[in-house]
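Coordinates as given in data_1.txt (compact mmCIF, C-alpha atoms):
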```
# COMPACT_ATOMS: atom_id res chain seq x y z
CA MET A 102 88.90 -41.15 -65.28
CA ALA A 103 86.95 -37.98 -66.07
CA GLU A 104 83.75 -39.74 -64.98
CA LYS A 105 85.37 -40.66 -61.64
CA ASN A 106 86.48 -37.03 -61.13
CA GLN A 107 82.98 -35.81 -62.03
CA LYS A 108 81.49 -38.24 -59.51
CA SER A 109 83.82 -37.15 -56.71
CA LEU A 110 83.11 -33.46 -57.42
CA GLU A 111 79.40 -34.25 -57.41
CA GLU A 112 79.77 -35.97 -54.02
CA LEU A 113 81.77 -33.03 -52.63
CA ILE A 114 79.11 -30.55 -53.73
CA LYS A 115 76.34 -32.72 -52.27
CA SER A 116 78.14 -32.59 -48.92
CA VAL A 117 77.95 -28.78 -48.83
CA GLU A 118 75.10 -27.66 -46.54
CA ILE A 119 73.94 -24.89 -48.85
CA PHE A 120 73.43 -27.41 -51.65
CA ASP A 121 71.58 -29.89 -49.44
CA GLY A 122 68.70 -31.53 -51.27
CA LEU A 123 69.96 -30.88 -54.79
CA GLU A 124 69.57 -33.73 -57.25
CA THR A 125 72.27 -34.83 -59.69
CA ARG A 126 70.84 -32.67 -62.50
CA ASP A 127 70.97 -29.63 -60.18
CA ILE A 128 74.54 -30.42 -59.12
CA ASN A 129 75.48 -30.67 -62.78
CA LYS A 130 74.15 -27.15 -63.34
CA VAL A 131 76.52 -25.92 -60.64
CA LEU A 132 79.43 -27.93 -62.06
CA LYS A 133 78.75 -26.54 -65.53
CA VAL A 134 79.41 -22.96 -64.34
CA ALA A 135 82.20 -23.89 -61.91
CA SER A 136 85.89 -23.76 -62.66
CA GLY A 137 88.87 -25.35 -60.98
CA LYS A 138 91.84 -23.31 -59.85
CA LYS A 139 95.12 -24.23 -58.18
CA TYR A 140 96.68 -22.04 -55.50
CA ASP A 141 100.26 -22.38 -54.31
CA LYS A 142 101.28 -22.46 -50.65
CA ASP A 143 100.82 -19.03 -49.01
CA GLU A 144 99.04 -17.64 -52.09
CA VAL A 145 96.27 -15.22 -51.16
CA ILE A 146 92.90 -16.35 -52.50
CA PHE A 147 91.26 -13.11 -51.45
CA LYS A 148 91.79 -10.37 -48.89
CA GLU A 149 89.44 -9.01 -46.27
CA GLY A 150 87.52 -6.15 -47.88
CA ASP A 151 87.78 -7.49 -51.45
CA LEU A 152 84.53 -7.62 -53.37
CA GLY A 153 82.82 -10.97 -52.78
CA ASP A 154 82.07 -12.48 -56.16
CA CYS A 155 82.80 -16.18 -55.79
CA PHE A 156 82.07 -19.30 -53.72
CA TYR A 157 84.88 -21.82 -53.15
CA LEU A 158 84.90 -25.54 -52.41
CA ILE A 159 88.20 -27.15 -51.42
CA ILE A 160 88.81 -30.13 -53.70
CA GLU A 161 92.28 -30.80 -52.35
CA GLY A 162 94.53 -29.11 -49.79
CA SER A 163 93.81 -26.62 -47.02
CA VAL A 164 93.40 -22.90 -46.44
CA ARG A 165 93.48 -20.61 -43.44
CA ILE A 166 91.03 -17.85 -42.65
CA GLU A 167 92.60 -14.69 -41.25
CA LYS A 168 90.84 -11.71 -39.75
CA ASN A 169 92.16 -8.23 -39.08
CA VAL A 170 91.24 -7.95 -35.40
CA HIS A 171 92.88 -4.70 -34.35
CA ASP A 172 94.77 -2.22 -36.46
CA GLU A 173 97.34 -4.34 -38.30
CA LYS A 174 96.96 -7.37 -35.99
CA ILE A 175 95.98 -10.44 -37.97
CA GLU A 176 94.44 -13.46 -36.27
CA SER A 177 94.12 -16.90 -37.84
CA VAL A 178 90.54 -17.86 -37.04
CA ALA A 179 90.09 -21.18 -38.85
CA THR A 180 91.68 -23.81 -41.03
CA LEU A 181 89.59 -25.45 -43.72
CA LYS A 182 90.44 -28.67 -45.56
CA THR A 183 89.25 -30.86 -48.42
CA GLY A 184 85.45 -30.84 -48.59
CA ASP A 185 85.11 -27.56 -46.69
CA TYR A 186 83.82 -24.42 -48.37
CA PHE A 187 83.92 -20.67 -47.95
CA GLY A 188 82.64 -17.51 -49.60
CA GLU A 189 79.07 -18.78 -49.74
CA MET A 190 77.54 -15.47 -48.65
CA SER A 191 78.92 -13.87 -51.80
CA LEU A 192 76.70 -16.14 -53.90
CA LEU A 193 73.81 -13.97 -52.76
CA ASP A 194 75.06 -10.56 -51.75
CA GLY A 195 78.38 -9.71 -53.43
CA GLU A 196 79.41 -7.68 -50.37
CA PRO A 197 83.06 -7.18 -49.33
CA ARG A 198 84.86 -10.16 -47.80
CA SER A 199 84.78 -10.36 -44.01
CA ALA A 200 88.16 -12.13 -43.78
CA SER A 201 91.20 -13.09 -45.84
CA VAL A 202 91.84 -16.62 -47.12
CA ILE A 203 95.32 -17.98 -47.81
CA ALA A 204 96.40 -21.41 -49.07
CA ASN A 205 98.23 -23.41 -46.37
CA GLU A 206 99.62 -25.73 -49.02
CA THR A 207 99.18 -26.24 -52.74
CA SER A 208 95.40 -26.46 -52.99
CA LYS A 209 92.81 -27.10 -55.68
CA LEU A 210 89.55 -25.19 -55.36
CA LEU A 211 86.29 -25.31 -57.23
CA GLU A 212 85.04 -21.77 -57.83
CA VAL A 213 81.51 -20.65 -58.62
CA LYS A 214 81.02 -17.00 -59.62
CA ASN A 215 77.95 -15.38 -58.09
CA SER A 216 76.87 -13.99 -61.49
CA GLN A 217 76.73 -17.53 -62.90
CA PHE A 218 75.00 -18.90 -59.81
CA ILE A 219 72.35 -16.16 -59.92
CA LYS A 220 71.62 -17.04 -63.57
CA ILE A 221 70.83 -20.62 -62.53
CA VAL A 222 68.63 -19.42 -59.68
CA MET A 223 66.76 -16.96 -61.91
CA ASN A 224 66.13 -19.55 -64.64
CA ASP A 225 65.11 -22.54 -62.52
CA ASP A 226 62.40 -22.05 -59.87
CA ASN A 227 62.83 -25.57 -58.48
CA PHE A 228 66.59 -25.11 -58.08
CA ALA A 229 65.99 -21.70 -56.49
CA ARG A 230 63.55 -23.10 -53.92
CA LYS A 231 65.90 -25.92 -52.90
CA VAL A 232 68.99 -23.72 -52.64
CA LEU A 233 67.28 -20.85 -50.86
CA TRP A 234 65.74 -23.25 -48.34
CA ALA A 235 69.17 -24.77 -47.68
CA PHE A 236 70.74 -21.29 -47.38
CA CYS A 237 68.08 -20.17 -44.90
CA SER A 238 68.47 -23.32 -42.84
CA THR A 239 72.27 -23.05 -42.79
CA PHE A 240 72.27 -19.37 -41.84
CA ALA A 241 69.62 -19.92 -39.16
CA LYS A 242 71.86 -22.58 -37.55
CA ARG A 243 74.83 -20.22 -37.68
CA LEU A 244 72.82 -17.36 -36.21
CA ARG A 245 71.63 -19.57 -33.34
CA ALA A 246 75.21 -20.66 -32.63
CA THR A 247 76.39 -17.03 -32.72
CA ASN A 248 73.59 -15.99 -30.36
CA THR A 249 74.59 -18.76 -27.96
CA LEU A 250 78.21 -17.57 -28.02
CA LEU A 251 77.17 -13.97 -27.49
CA GLY A 252 75.04 -15.05 -24.55
CA GLN A 253 78.03 -16.82 -23.00
CA PHE A 254 80.20 -13.72 -23.39
CA ALA A 255 77.51 -11.47 -21.89
CA LYS A 256 77.47 -13.40 -18.59
```

What's the structure tokens form of this structure?
Amino acid sequence: MAEKNQKSLEELIKSVEIFDGLETRDINKVLKVASGKKYDKDEVIFKEGDLGDCFYLIIEGSVRIEKNVHDEKIESVATLKTGDYFGEMSLLDGEPRSASVIANETSKLLEVKNSQFIKIVMNDDNFARKVLWAFCSTFAKRLRATNTLLGQFAK
């Protein structure tokens, strides 16, 4: 059973854009420093402005992303489900969170601390090249999409 769970976690991680191109041995390095955590319905995973120190992958369940739009007005901006991820920017920068994340239902998340992730990157040049390439590619796509949206709003 543990082998089946390991395989499904490996497949989930492989589906994450920022880990695109990682081989099984690289995925296992991530799994080795990852931990699982359960959140109850409506439990706050983190709040907007909290220090970003962790990446999350949803193993089971769903979460909602909320953003403080205007003084004290909270907007739900997205719902993420099994296989989705969030907090990836904190793997590199550790800056404050740009939104809050709350469990919609009892949810199991895989968490990777940025300090542990950086250790892998610093000690494995091949891993670092693959991950940084995937990060750059992912963020370039997001920036292009954002620029397109901004262009639509400017018209």

Between CA of Leu158 in chain A and CA of Ser216 in chain A, what distance in Å does the model show, to one decimal?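 Spanning CA of Leu158 in chain A to CA of Ser216 in chain A is a straight-line distance of 16.7 Å.
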
What's the separation between CA of Val117 in chain A and CA of Leu210 in chain A, in Å to one decimal place? 13.8 Å

Taking into account all atoms listed in the file, which residue in the set A:Thr247, A:Ala255, A:Leu192, A:Leu152 is nearest to Gln217 in chain A? A:Leu192

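CA of Leu110 in chain A sits 20.7 Å away from CA of Asp141 in chain A.
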
With only C-alpha atoms as the basis for distance, which of A:Asp226, A:Glu196, A:Asp151, A:Glu212 is at the shortest distance from Val131 in chain A?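 Answer, going by the shortest atom-to-atom distance: A:Glu212.
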
Neighbours of Met190 in chain A within 9 Å (all atoms listed in the file; same-chain residues fewer than 6 positions away dropped), as a list in words? Gly153, Cys155, Phe156 and Glu196 of chain A

Have a look at A:Lys115, A:Lys231, A:Lys220, A:Lys168 and name the one nearest to Ile203 in chain A; count all atoms listed in the file. A:Lys168
